[in-house]
Amino acid sequence: MNIMNRRSFMKMSAGVVATMTSGSVFGAGESTKTIRIGVIGMGNRGRSLTKHLFKLPDVKVPALCDINAENLKQGIELVEQISGQKPAAYLGDEYYYRKLLERDDLDAVMICTPVGWHVPQSIDAMNAGKDVGCEVTAGDTLDELWELVKTKEKTGRHYMMLENYNYARDRMMVQNMIVQGIFGEPYYAECGYIHDCKNLCFNMDGSLTWRGERQRDRYEHPYATHSLGPVSKWFGINDGDCMDYMTTMMTSPRALHLYAVERFGADSPAAQIAFKRGDYYTTTIHTAQKKVIRVDFDMMSYRPLDYFYLMQGTKGVYNSRTRIIDGIFLKEDKDKGGVHYVNASDYRDKYEHPCWKKFASVAAQTGHGGGDFFTLKDFVEMVRQDKEPWIDVYDAATWSCISHCSKLSMDGNGQPIKVPDFTQGKWKDKNWRKSAGPVC
Ligand SMILES: NC(=O)c1ccc[n+]([C@@H]2O[C@H](COP(=O)([O-])OP(=O)(O)OC[C@H]3O[C@@H](n4cnc5c(N)ncnc54)[C@H](O)[C@@H]3O)[C@@H](O)[C@H]2O)c1
């Protein structure tokens with residue numbers, strides 16, 4: 001039986017049951033189908049997302065996989081506690097997840113493993129007939145990102161990168177305002193992800209975690225997706241515009257070594273490690289429609305959490321870094337004599353995104369300012385409705401490839417690098433993708 005037939009058969013035979021949701025914000029009487037999701041990777045993120053999955057109606061988690069017995073045990077207990085059903089456990093070597101993929105009672109898998117595993121696991125899952133929701137970033141190298149796109153196209157399965165920063169309340173409102181033309185045409189953006197995560201690079205004994213190993217072995221812009229994701233949607237990247245070329249610079253690594261000395265001592269093995277990855281990155285992207293996006297990144301420096309977005313349009317600007325936090329300044333206000341930013345929340349009544357209007361209360365119970373809820377909702381609806389997601393494989397590859405391209409740029413002292421077009425020209429038609437936006 002080929003993959004498509006096997007999947008259709010699976011959906012019919014393995015009990016995709018039509019059920020009625022139990023009311024609440026999802027709407028009494030709304031008919032849905034139960035979907036079954038296996039989770040690979042039960043670390044911090046895997047457990048957090050799995051917990052939030054159960055905020056959505058008619059979702060089951062029949063199987064979990066990890067290479068770490070303790071993390072897997074915690075995951076099993078979590079699912080059993082919330083759902084009352086004990087999931088099957090897959091504990092083995094790094095390829096043991098393939099056993100989970102052999103199950104014929106899973107509609108999809110959610111992948112929450114370290115970044116280096118994302119492409120192999122996503123490809124194996126799609127080849128096994130499963131839809132995929134995969135954590136950020138989609139992958140490391142251009143070769144593997146192309147393979148990811150080709151596998152999605154070949155298998156016809158659905159793939160969503162679980163980029164949650166697109167779904168935050170004000171970013172969704174800005175999305176809505178752009179669609180309505182309130183900002184005019186967007187043409188310049190600044191965005192950045194600044195998050196001191198030095199502590200996540202070391203285990204208690206001073207050995208490196210997978211994040212620390214990447215700090216030691218790699219030096220590309222680690223990931224742009226949290227910043228670039230919202231901006232790409234605002235700019236219509238892959239929907240009428242595409243990234244054309246880019247350059248990157250980084251400061252040399254300082255902070256993690258100093259942290260290792262302070263935490264483990266100057267003579268400790270941790271303090272002898274030569275890290276390759278720099279502290280602060282700036283990438284500048286030029287688009288085919290002659291727009292510019294600046295993307296900053298820093299997970300090492302001593303400073304408070306700061307993710308920021310500035311989107312300049314011909315009729316106004318959204319700027320999360322004004323003194324009043326998340327400010328908006330519109331030409332129409334200036335024309336009325338106003339010269340100050342207005343707090344973005346003052347525009348809520350008029351421009352709140354329909355998804356937030358409907359689900360704000362339940363979203364507020366999940367992580368990342370409610371973004372996790374809408375991310376999972378889009379993932380689940382992709383599977384349930386058998387449709388392409390808003391953040392699809394083309395966005396995943398485009399946003400993720402900034403890492404690889406940044407390495408090439410820095411190898412040439414900041415030389416401009418052509419950004420690959422994973423849509424192969426389809427972006428020129430701004431309506432080529434079927435998904436108009438998040439599922440509300
Ligand atoms: N979107 C967000 O806001 C956000 C936040 C945190 C982490 N993340 C992403 O989530 C992913 C996981 O991060 P984390 O913080 O949970 O890391 P973690 O180290 O806490 O968890 C990773 C888990 O994967 C398991 N694992 C490793 N290789 C495996 C394999 N081959 N098969 C099965 N399991 C394997 C590990 O044993 C561990 O339990 C990363 O890709 C990270 O970038 C995203």
# chains A, B, ... in the order shown; residues from 1 in each chain; ligands from 1

$ residues_around --residues "stretch 121-123 of chain A" --least-positions-apart "5" --cutoff "7 Å" --atoms "only C-alpha atoms" --output "list in words"
Val132, Leu148 and Thr151 of chain A

$ write_last_selection --atoms "N, CA, C and O atoms" --output "PDB file, in the first residue's frame"
ATOM      1  N   VAL A 132       3.701  16.267  10.231  1.00  0.00           N
ATOM      2  CA  VAL A 132       4.772  16.659  11.161  1.00  0.00           C
ATOM      3  C   VAL A 132       4.545  18.068  11.699  1.00  0.00           C
ATOM      4  O   VAL A 132       4.242  18.992  10.943  1.00  0.00           O
ATOM      5  N   LEU A 148      14.246  18.292   2.957  1.00  0.00           N
ATOM      6  CA  LEU A 148      12.995  18.400   3.718  1.00  0.00           C
ATOM      7  C   LEU A 148      11.850  18.841   2.794  1.00  0.00           C
ATOM      8  O   LEU A 148      10.764  18.250   2.778  1.00  0.00           O
ATOM      9  N   THR A 151      10.961  16.122   0.293  1.00  0.00           N
ATOM     10  CA  THR A 151      10.244  14.995   0.901  1.00  0.00           C
ATOM     11  C   THR A 151       8.785  15.364   1.147  1.00  0.00           C
ATOM     12  O   THR A 151       7.875  14.574   0.923  1.00  0.00           O
TER      13      THR A 151
END

$ residues_near_ligand --ligand "ligand 1" --cutoff "6 Å" --atoms "only C-alpha atoms and all ligand atoms" --output "VMD selection string"
chain A and resid 40 to 46 65 to 68 71 94 to 95 97 112 to 115 135 to 136 163 to 164

$ closest_atom_pairs --of "stretch 239-273 of chain A" --to "stretch 222-229 of chain A" --cutoff "12 Å" --atoms "only C-alpha atoms" --output "CSV"
residue,atom,partner,partner_atom,distance
A:Met243,CA,A:Leu228,CA,11.1
A:Thr248,CA,A:Pro222,CA,11.6
A:Met250,CA,A:Pro222,CA,10.9

$ write_last_selection --atoms "N, CA and C atoms" --output "mmCIF file, in the first residue's frame"
data_model
loop_
_atom_site.group_PDB
_atom_site.id
_atom_site.type_symbol
_atom_site.label_atom_id
_atom_site.label_comp_id
_atom_site.auth_asym_id
_atom_site.auth_seq_id
_atom_site.Cartn_x
_atom_site.Cartn_y
_atom_site.Cartn_z
ATOM 1 N N MET A 243 13.221 36.630 -0.028
ATOM 2 C CA MET A 243 14.526 37.114 0.413
ATOM 3 C C MET A 243 15.496 36.927 -0.743
ATOM 4 N N THR A 248 25.963 38.848 7.149
ATOM 5 C CA THR A 248 25.956 38.660 8.610
ATOM 6 C C THR A 248 27.300 39.039 9.216
ATOM 7 N N MET A 250 29.228 38.897 13.321
ATOM 8 C CA MET A 250 29.057 38.538 14.730
ATOM 9 C C MET A 250 30.224 39.091 15.535
#

$ select_by_dssp --residues "stretch 21-92 of chain A" --states "alpha helix (DSSP H)" --output "PDB file with all heavy atoms, in the first residue's frame"
ATOM      1  N   ASN A  44      12.326  19.670  28.105  1.00  0.00           N
ATOM      2  CA  ASN A  44      11.534  20.812  28.585  1.00  0.00           C
ATOM      3  C   ASN A  44      10.427  21.199  27.616  1.00  0.00           C
ATOM      4  O   ASN A  44       9.268  21.359  27.990  1.00  0.00           O
ATOM      5  CB  ASN A  44      12.455  22.019  28.806  1.00  0.00           C
ATOM      6  CG  ASN A  44      13.402  21.764  29.947  1.00  0.00           C
ATOM      7  OD1 ASN A  44      13.049  21.105  30.917  1.00  0.00           O
ATOM      8  ND2 ASN A  44      14.632  22.254  29.828  1.00  0.00           N
ATOM      9  N   ARG A  45      10.808  21.367  26.365  1.00  0.00           N
ATOM     10  CA  ARG A  45       9.847  21.842  25.377  1.00  0.00           C
ATOM     11  C   ARG A  45       8.810  20.770  25.041  1.00  0.00           C
ATOM     12  O   ARG A  45       7.627  21.060  24.893  1.00  0.00           O
ATOM     13  CB  ARG A  45      10.606  22.269  24.120  1.00  0.00           C
ATOM     14  CG  ARG A  45       9.779  22.998  23.109  1.00  0.00           C
ATOM     15  CD  ARG A  45       9.347  24.349  23.622  1.00  0.00           C
ATOM     16  NE  ARG A  45       8.540  25.049  22.653  1.00  0.00           N
ATOM     17  CZ  ARG A  45       7.585  25.904  22.978  1.00  0.00           C
ATOM     18  NH1 ARG A  45       7.345  26.181  24.233  1.00  0.00           N
ATOM     19  NH2 ARG A  45       6.892  26.517  22.055  1.00  0.00           N
ATOM     20  N   GLY A  46       9.270  19.536  24.911  1.00  0.00           N
ATOM     21  CA  GLY A  46       8.356  18.443  24.573  1.00  0.00           C
ATOM     22  C   GLY A  46       7.266  18.305  25.619  1.00  0.00           C
ATOM     23  O   GLY A  46       6.074  18.161  25.300  1.00  0.00           O
ATOM     24  N   ARG A  47       7.643  18.380  26.891  1.00  0.00           N
ATOM     25  CA  ARG A  47       6.648  18.223  27.952  1.00  0.00           C
ATOM     26  C   ARG A  47       5.704  19.421  27.991  1.00  0.00           C
ATOM     27  O   ARG A  47       4.500  19.283  28.187  1.00  0.00           O
ATOM     28  CB  ARG A  47       7.328  18.021  29.309  1.00  0.00           C
ATOM     29  CG  ARG A  47       8.082  16.699  29.404  1.00  0.00           C
ATOM     30  CD  ARG A  47       8.364  16.320  30.847  1.00  0.00           C
ATOM     31  NE  ARG A  47       9.180  17.284  31.547  1.00  0.00           N
ATOM     32  CZ  ARG A  47      10.524  17.331  31.517  1.00  0.00           C
ATOM     33  NH1 ARG A  47      11.191  16.439  30.810  1.00  0.00           N
ATOM     34  NH2 ARG A  47      11.192  18.242  32.188  1.00  0.00           N
ATOM     35  N   SER A  48       6.280  20.603  27.801  1.00  0.00           N
ATOM     36  CA  SER A  48       5.439  21.809  27.853  1.00  0.00           C
ATOM     37  C   SER A  48       4.410  21.798  26.713  1.00  0.00           C
ATOM     38  O   SER A  48       3.216  22.018  26.936  1.00  0.00           O
ATOM     39  CB  SER A  48       6.362  23.036  27.764  1.00  0.00           C
ATOM     40  OG  SER A  48       5.631  24.172  27.513  1.00  0.00           O
ATOM     41  N   LEU A  49       4.859  21.519  25.500  1.00  0.00           N
ATOM     42  CA  LEU A  49       3.907  21.516  24.374  1.00  0.00           C
ATOM     43  C   LEU A  49       2.893  20.387  24.509  1.00  0.00           C
ATOM     44  O   LEU A  49       1.714  20.550  24.174  1.00  0.00           O
ATOM     45  CB  LEU A  49       4.654  21.401  23.041  1.00  0.00           C
ATOM     46  CG  LEU A  49       5.361  22.669  22.552  1.00  0.00           C
ATOM     47  CD1 LEU A  49       6.015  22.426  21.191  1.00  0.00           C
ATOM     48  CD2 LEU A  49       4.416  23.867  22.448  1.00  0.00           C
ATOM     49  N   THR A  50       3.338  19.231  24.999  1.00  0.00           N
ATOM     50  CA  THR A  50       2.409  18.098  25.154  1.00  0.00           C
ATOM     51  C   THR A  50       1.313  18.457  26.146  1.00  0.00           C
ATOM     52  O   THR A  50       0.127  18.188  25.926  1.00  0.00           O
ATOM     53  CB  THR A  50       3.175  16.839  25.612  1.00  0.00           C
ATOM     54  OG1 THR A  50       4.183  16.552  24.641  1.00  0.00           O
ATOM     55  CG2 THR A  50       2.250  15.639  25.740  1.00  0.00           C
ATOM     56  N   LYS A  51       1.711  19.109  27.228  1.00  0.00           N
ATOM     57  CA  LYS A  51       0.711  19.542  28.215  1.00  0.00           C
ATOM     58  C   LYS A  51      -0.333  20.461  27.560  1.00  0.00           C
ATOM     59  O   LYS A  51      -1.528  20.287  27.725  1.00  0.00           O
ATOM     60  CB  LYS A  51       1.431  20.281  29.360  1.00  0.00           C
ATOM     61  CG  LYS A  51       0.526  20.667  30.498  1.00  0.00           C
ATOM     62  CD  LYS A  51       1.305  21.246  31.652  1.00  0.00           C
ATOM     63  CE  LYS A  51       1.524  22.725  31.427  1.00  0.00           C
ATOM     64  NZ  LYS A  51       2.303  23.388  32.444  1.00  0.00           N
ATOM     65  N   HIS A  52       0.160  21.417  26.769  1.00  0.00           N
ATOM     66  CA  HIS A  52      -0.761  22.377  26.150  1.00  0.00           C
ATOM     67  C   HIS A  52      -1.608  21.754  25.037  1.00  0.00           C
ATOM     68  O   HIS A  52      -2.686  22.261  24.721  1.00  0.00           O
ATOM     69  CB  HIS A  52       0.008  23.583  25.621  1.00  0.00           C
ATOM     70  CG  HIS A  52       0.674  24.379  26.709  1.00  0.00           C
ATOM     71  ND1 HIS A  52       0.064  24.625  27.918  1.00  0.00           N
ATOM     72  CD2 HIS A  52       1.894  24.983  26.768  1.00  0.00           C
ATOM     73  CE1 HIS A  52       0.876  25.338  28.691  1.00  0.00           C
ATOM     74  NE2 HIS A  52       1.989  25.557  28.011  1.00  0.00           N
ATOM     75  N   LEU A  53      -1.109  20.655  24.443  1.00  0.00           N
ATOM     76  CA  LEU A  53      -1.901  19.975  23.396  1.00  0.00           C
ATOM     77  C   LEU A  53      -3.285  19.612  23.922  1.00  0.00           C
ATOM     78  O   LEU A  53      -4.279  19.661  23.197  1.00  0.00           O
ATOM     79  CB  LEU A  53      -1.209  18.677  22.977  1.00  0.00           C
ATOM     80  CG  LEU A  53      -0.330  18.665  21.728  1.00  0.00           C
ATOM     81  CD1 LEU A  53       0.210  17.258  21.504  1.00  0.00           C
ATOM     82  CD2 LEU A  53      -1.061  19.162  20.490  1.00  0.00           C
ATOM     83  N   ALA A  69      15.741   8.189  29.830  1.00  0.00           N
ATOM     84  CA  ALA A  69      14.700   7.465  30.567  1.00  0.00           C
ATOM     85  C   ALA A  69      13.919   8.387  31.516  1.00  0.00           C
ATOM     86  O   ALA A  69      12.693   8.292  31.616  1.00  0.00           O
ATOM     87  CB  ALA A  69      15.326   6.312  31.354  1.00  0.00           C
ATOM     88  N   GLU A  70      14.608   9.285  32.199  1.00  0.00           N
ATOM     89  CA  GLU A  70      13.942  10.147  33.172  1.00  0.00           C
ATOM     90  C   GLU A  70      12.977  11.112  32.473  1.00  0.00           C
ATOM     91  O   GLU A  70      11.843  11.302  32.924  1.00  0.00           O
ATOM     92  CB  GLU A  70      15.005  10.915  33.995  1.00  0.00           C
ATOM     93  CG  GLU A  70      14.446  11.894  35.015  1.00  0.00           C
ATOM     94  CD  GLU A  70      13.426  11.278  35.987  1.00  0.00           C
ATOM     95  OE1 GLU A  70      13.536  10.078  36.298  1.00  0.00           O
ATOM     96  OE2 GLU A  70      12.510  12.016  36.419  1.00  0.00           O
ATOM     97  N   ASN A  71      13.446  11.719  31.379  1.00  0.00           N
ATOM     98  CA  ASN A  71      12.561  12.646  30.655  1.00  0.00           C
ATOM     99  C   ASN A  71      11.338  11.918  30.112  1.00  0.00           C
ATOM    100  O   ASN A  71      10.212  12.435  30.144  1.00  0.00           O
ATOM    101  CB  ASN A  71      13.318  13.322  29.509  1.00  0.00           C
ATOM    102  CG  ASN A  71      14.278  14.390  30.019  1.00  0.00           C
ATOM    103  OD1 ASN A  71      14.297  14.673  31.207  1.00  0.00           O
ATOM    104  ND2 ASN A  71      15.079  14.963  29.135  1.00  0.00           N
ATOM    105  N   LEU A  72      11.565  10.699  29.616  1.00  0.00           N
ATOM    106  CA  LEU A  72      10.454   9.926  29.070  1.00  0.00           C
ATOM    107  C   LEU A  72       9.452   9.578  30.183  1.00  0.00           C
ATOM    108  O   LEU A  72       8.242   9.708  30.004  1.00  0.00           O
ATOM    109  CB  LEU A  72      10.992   8.648  28.409  1.00  0.00           C
ATOM    110  CG  LEU A  72       9.967   7.799  27.663  1.00  0.00           C
ATOM    111  CD1 LEU A  72       9.272   8.596  26.563  1.00  0.00           C
ATOM    112  CD2 LEU A  72      10.635   6.563  27.043  1.00  0.00           C
ATOM    113  N   LYS A  73       9.978   9.181  31.319  1.00  0.00           N
ATOM    114  CA  LYS A  73       9.106   8.829  32.457  1.00  0.00           C
ATOM    115  C   LYS A  73       8.242  10.033  32.846  1.00  0.00           C
ATOM    116  O   LYS A  73       7.033   9.911  33.053  1.00  0.00           O
ATOM    117  CB  LYS A  73       9.991   8.396  33.633  1.00  0.00           C
ATOM    118  CG  LYS A  73       9.249   7.989  34.876  1.00  0.00           C
ATOM    119  CD  LYS A  73      10.227   7.355  35.869  1.00  0.00           C
ATOM    120  CE  LYS A  73       9.712   7.382  37.281  1.00  0.00           C
ATOM    121  NZ  LYS A  73       9.904   8.602  38.018  1.00  0.00           N
ATOM    122  N   GLN A  74       8.872  11.197  32.921  1.00  0.00           N
ATOM    123  CA  GLN A  74       8.109  12.402  33.280  1.00  0.00           C
ATOM    124  C   GLN A  74       7.018  12.685  32.242  1.00  0.00           C
ATOM    125  O   GLN A  74       5.922  13.121  32.568  1.00  0.00           O
ATOM    126  CB  GLN A  74       9.044  13.605  33.401  1.00  0.00           C
ATOM    127  CG  GLN A  74       9.899  13.565  34.651  1.00  0.00           C
ATOM    128  CD  GLN A  74      10.695  14.857  34.821  1.00  0.00           C
ATOM    129  OE1 GLN A  74      10.278  15.930  34.408  1.00  0.00           O
ATOM    130  NE2 GLN A  74      11.863  14.747  35.426  1.00  0.00           N
ATOM    131  N   GLY A  75       7.358  12.444  30.981  1.00  0.00           N
ATOM    132  CA  GLY A  75       6.377  12.652  29.898  1.00  0.00           C
ATOM    133  C   GLY A  75       5.199  11.697  30.023  1.00  0.00           C
ATOM    134  O   GLY A  75       4.032  12.092  29.874  1.00  0.00           O
ATOM    135  N   ILE A  76       5.509  10.427  30.309  1.00  0.00           N
ATOM    136  CA  ILE A  76       4.448   9.412  30.452  1.00  0.00           C
ATOM    137  C   ILE A  76       3.519   9.798  31.603  1.00  0.00           C
ATOM    138  O   ILE A  76       2.286   9.772  31.469  1.00  0.00           O
ATOM    139  CB  ILE A  76       5.078   8.013  30.749  1.00  0.00           C
ATOM    140  CG1 ILE A  76       6.006   7.574  29.620  1.00  0.00           C
ATOM    141  CG2 ILE A  76       3.996   6.971  31.053  1.00  0.00           C
ATOM    142  CD1 ILE A  76       5.347   7.175  28.356  1.00  0.00           C
ATOM    143  N   GLU A  77       4.124  10.191  32.714  1.00  0.00           N
ATOM    144  CA  GLU A  77       3.312  10.563  33.888  1.00  0.00           C
ATOM    145  C   GLU A  77       2.421  11.770  33.574  1.00  0.00           C
ATOM    146  O   GLU A  77       1.257  11.830  33.957  1.00  0.00           O
ATOM    147  CB  GLU A  77       4.221  10.871  35.080  1.00  0.00           C
ATOM    148  CG  GLU A  77       4.823   9.617  35.695  1.00  0.00           C
ATOM    149  CD  GLU A  77       5.948   9.891  36.693  1.00  0.00           C
ATOM    150  OE1 GLU A  77       6.251  11.088  36.976  1.00  0.00           O
ATOM    151  OE2 GLU A  77       6.542   8.916  37.148  1.00  0.00           O
ATOM    152  N   LEU A  78       3.003  12.717  32.860  1.00  0.00           N
ATOM    153  CA  LEU A  78       2.253  13.930  32.500  1.00  0.00           C
ATOM    154  C   LEU A  78       1.022  13.576  31.671  1.00  0.00           C
ATOM    155  O   LEU A  78      -0.098  14.024  31.964  1.00  0.00           O
ATOM    156  CB  LEU A  78       3.182  14.869  31.707  1.00  0.00           C
ATOM    157  CG  LEU A  78       2.563  16.119  31.124  1.00  0.00           C
ATOM    158  CD1 LEU A  78       2.577  17.230  32.159  1.00  0.00           C
ATOM    159  CD2 LEU A  78       3.325  16.582  29.880  1.00  0.00           C
ATOM    160  N   VAL A  79       1.218  12.772  30.627  1.00  0.00           N
ATOM    161  CA  VAL A  79       0.103  12.435  29.736  1.00  0.00           C
ATOM    162  C   VAL A  79      -0.953  11.624  30.490  1.00  0.00           C
ATOM    163  O   VAL A  79      -2.154  11.866  30.347  1.00  0.00           O
ATOM    164  CB  VAL A  79       0.611  11.669  28.489  1.00  0.00           C
ATOM    165  CG1 VAL A  79      -0.559  11.144  27.656  1.00  0.00           C
ATOM    166  CG2 VAL A  79       1.508  12.568  27.647  1.00  0.00           C
ATOM    167  N   GLU A  80      -0.480  10.695  31.300  1.00  0.00           N
ATOM    168  CA  GLU A  80      -1.427   9.857  32.044  1.00  0.00           C
ATOM    169  C   GLU A  80      -2.250  10.704  33.017  1.00  0.00           C
ATOM    170  O   GLU A  80      -3.457  10.552  33.138  1.00  0.00           O
ATOM    171  CB  GLU A  80      -0.669   8.761  32.794  1.00  0.00           C
ATOM    172  CG  GLU A  80      -1.601   7.662  33.267  1.00  0.00           C
ATOM    173  CD  GLU A  80      -0.865   6.498  33.915  1.00  0.00           C
ATOM    174  OE1 GLU A  80       0.350   6.620  34.183  1.00  0.00           O
ATOM    175  OE2 GLU A  80      -1.512   5.478  34.164  1.00  0.00           O
ATOM    176  N   GLN A  81      -1.551  11.639  33.655  1.00  0.00           N
ATOM    177  CA  GLN A  81      -2.228  12.503  34.629  1.00  0.00           C
ATOM    178  C   GLN A  81      -3.297  13.360  33.949  1.00  0.00           C
ATOM    179  O   GLN A  81      -4.407  13.514  34.464  1.00  0.00           O
ATOM    180  CB  GLN A  81      -1.168  13.401  35.259  1.00  0.00           C
ATOM    181  CG  GLN A  81      -1.577  14.056  36.539  1.00  0.00           C
ATOM    182  CD  GLN A  81      -0.447  14.974  37.024  1.00  0.00           C
ATOM    183  OE1 GLN A  81       0.373  15.459  36.242  1.00  0.00           O
ATOM    184  NE2 GLN A  81      -0.401  15.188  38.307  1.00  0.00           N
ATOM    185  N   ILE A  82      -2.967  13.912  32.782  1.00  0.00           N
ATOM    186  CA  ILE A  82      -3.927  14.829  32.139  1.00  0.00           C
ATOM    187  C   ILE A  82      -5.037  14.066  31.430  1.00  0.00           C
ATOM    188  O   ILE A  82      -6.205  14.450  31.493  1.00  0.00           O
ATOM    189  CB  ILE A  82      -3.216  15.748  31.113  1.00  0.00           C
ATOM    190  CG1 ILE A  82      -2.122  16.566  31.790  1.00  0.00           C
ATOM    191  CG2 ILE A  82      -4.210  16.678  30.430  1.00  0.00           C
ATOM    192  CD1 ILE A  82      -1.320  17.432  30.838  1.00  0.00           C
ATOM    193  N   SER A  83      -4.668  12.985  30.726  1.00  0.00           N
ATOM    194  CA  SER A  83      -5.661  12.331  29.859  1.00  0.00           C
ATOM    195  C   SER A  83      -6.275  11.092  30.478  1.00  0.00           C
ATOM    196  O   SER A  83      -7.274  10.566  29.973  1.00  0.00           O
ATOM    197  CB  SER A  83      -5.006  11.946  28.529  1.00  0.00           C
ATOM    198  OG  SER A  83      -4.077  10.888  28.742  1.00  0.00           O
TER     199      SER A  83
END

$ select_by_dssp --residues "stretch 297-395 of chain A" --states "strand (DSSP E or B)" --output "PyMOL selection string"
chain A and resi 297-298+306-313+316-319+327-330+342-343

$ write_last_selection --atoms "N, CA, C and O atoms" --output "mmCIF file, in the first residue's frame"
data_model
loop_
_atom_site.group_PDB
_atom_site.id
_atom_site.type_symbol
_atom_site.label_atom_id
_atom_site.label_comp_id
_atom_site.auth_asym_id
_atom_site.auth_seq_id
_atom_site.Cartn_x
_atom_site.Cartn_y
_atom_site.Cartn_z
ATOM 1 N N PHE A 297 20.529 38.803 17.070
ATOM 2 C CA PHE A 297 20.437 37.586 17.892
ATOM 3 C C PHE A 297 21.523 37.598 18.946
ATOM 4 O O PHE A 297 22.680 37.923 18.667
ATOM 5 N N ASP A 298 21.160 37.231 20.178
ATOM 6 C CA ASP A 298 22.159 37.126 21.247
ATOM 7 C C ASP A 298 21.577 36.266 22.371
ATOM 8 O O ASP A 298 20.566 36.620 22.967
ATOM 9 N N ASP A 306 14.784 40.322 25.804
ATOM 10 C CA ASP A 306 14.372 41.426 24.942
ATOM 11 C C ASP A 306 14.143 40.889 23.532
ATOM 12 O O ASP A 306 15.097 40.638 22.807
ATOM 13 N N TYR A 307 12.874 40.649 23.181
ATOM 14 C CA TYR A 307 12.633 40.374 21.762
ATOM 15 C C TYR A 307 11.919 41.591 21.216
ATOM 16 O O TYR A 307 10.984 42.091 21.819
ATOM 17 N N PHE A 308 12.404 42.068 20.099
ATOM 18 C CA PHE A 308 11.866 43.335 19.607
ATOM 19 C C PHE A 308 11.543 43.270 18.122
ATOM 20 O O PHE A 308 12.125 42.486 17.370
ATOM 21 N N TYR A 309 10.600 44.123 17.756
ATOM 22 C CA TYR A 309 10.127 44.177 16.372
ATOM 23 C C TYR A 309 9.839 45.629 16.001
ATOM 24 O O TYR A 309 9.167 46.336 16.760
ATOM 25 N N LEU A 310 10.342 46.040 14.870
ATOM 26 C CA LEU A 310 9.967 47.339 14.312
ATOM 27 C C LEU A 310 9.579 47.095 12.866
ATOM 28 O O LEU A 310 10.340 46.480 12.120
ATOM 29 N N MET A 311 8.390 47.508 12.503
ATOM 30 C CA MET A 311 7.930 47.327 11.129
ATOM 31 C C MET A 311 7.512 48.689 10.584
ATOM 32 O O MET A 311 6.559 49.295 11.066
ATOM 33 N N GLN A 312 8.265 49.167 9.623
ATOM 34 C CA GLN A 312 7.976 50.471 9.037
ATOM 35 C C GLN A 312 7.178 50.300 7.747
ATOM 36 O O GLN A 312 7.597 49.575 6.839
ATOM 37 N N GLY A 313 6.024 50.955 7.696
ATOM 38 C CA GLY A 313 5.239 50.952 6.469
ATOM 39 C C GLY A 313 5.113 52.363 5.931
ATOM 40 O O GLY A 313 5.525 53.326 6.588
ATOM 41 N N GLY A 316 2.796 54.217 8.468
ATOM 42 C CA GLY A 316 2.964 54.163 9.921
ATOM 43 C C GLY A 316 3.960 53.099 10.334
ATOM 44 O O GLY A 316 4.520 52.389 9.500
ATOM 45 N N VAL A 317 4.176 53.013 11.634
ATOM 46 C CA VAL A 317 5.192 52.100 12.146
ATOM 47 C C VAL A 317 4.669 51.372 13.377
ATOM 48 O O VAL A 317 3.916 51.940 14.179
ATOM 49 N N TYR A 318 5.052 50.122 13.504
ATOM 50 C CA TYR A 318 4.868 49.382 14.756
ATOM 51 C C TYR A 318 6.246 49.241 15.367
ATOM 52 O O TYR A 318 7.185 48.812 14.686
ATOM 53 N N ASN A 319 6.380 49.607 16.626
ATOM 54 C CA ASN A 319 7.701 49.602 17.258
ATOM 55 C C ASN A 319 7.566 49.106 18.687
ATOM 56 O O ASN A 319 7.005 49.792 19.532
ATOM 57 N N GLY A 327 4.550 50.278 20.744
ATOM 58 C CA GLY A 327 3.869 51.489 20.298
ATOM 59 C C GLY A 327 3.525 51.447 18.819
ATOM 60 O O GLY A 327 4.147 50.748 18.031
ATOM 61 N N ILE A 328 2.509 52.208 18.474
ATOM 62 C CA ILE A 328 2.123 52.353 17.070
ATOM 63 C C ILE A 328 2.026 53.846 16.779
ATOM 64 O O ILE A 328 1.512 54.613 17.590
ATOM 65 N N PHE A 329 2.534 54.252 15.629
ATOM 66 C CA PHE A 329 2.438 55.652 15.232
ATOM 67 C C PHE A 329 1.955 55.671 13.788
ATOM 68 O O PHE A 329 2.613 55.144 12.895
ATOM 69 N N LEU A 330 0.794 56.257 13.542
ATOM 70 C CA LEU A 330 0.207 56.231 12.208
ATOM 71 C C LEU A 330 0.153 57.627 11.602
ATOM 72 O O LEU A 330 0.016 58.624 12.321
ATOM 73 N N VAL A 342 1.240 55.789 20.094
ATOM 74 C CA VAL A 342 0.082 55.403 20.900
ATOM 75 C C VAL A 342 0.305 53.953 21.295
ATOM 76 O O VAL A 342 0.792 53.157 20.497
ATOM 77 N N ASN A 343 -0.020 53.596 22.523
ATOM 78 C CA ASN A 343 0.178 52.216 22.954
ATOM 79 C C ASN A 343 -0.586 51.257 22.039
ATOM 80 O O ASN A 343 -1.762 51.470 21.756
#

$ closest_residue --among "A:Gly206, A:Gly236, A:Pro253, A:Pro389" --to "A:Lys434" --atoms "only C-alpha atoms"
A:Pro389

$ residues_around --residues "stretch 278-291 of chain A" --least-positions-apart "3" --cutoff "6 Å" --atoms "only C-alpha atoms" --output "JSON, numbers by chain"
{"A": [187, 188, 241, 242, 243, 244, 245, 246, 247, 248, 249, 250, 251, 252, 253, 294, 295, 296, 297, 298, 300]}

$ residues_around --residues "A:Ala436" --least-positions-apart "3" --cutoff "12 Å" --atoms "only C-alpha atoms" --output "PyMOL selection string"
chain A and resi 175-176+179+233+236+239+387-392+430-433+439-440

$ residues_around --residues "A:His158" --least-positions-apart "6" --cutoff "10 Å" --atoms "only C-alpha atoms" --output "list in words"
Ala108, Met126, Gly129, Lys130, Asp131, Val132, Gly133, Lys152, Phe379, Met382, Val383, Asp386, Lys387, Glu388, Pro389, Asp392 and Val393 of chain A
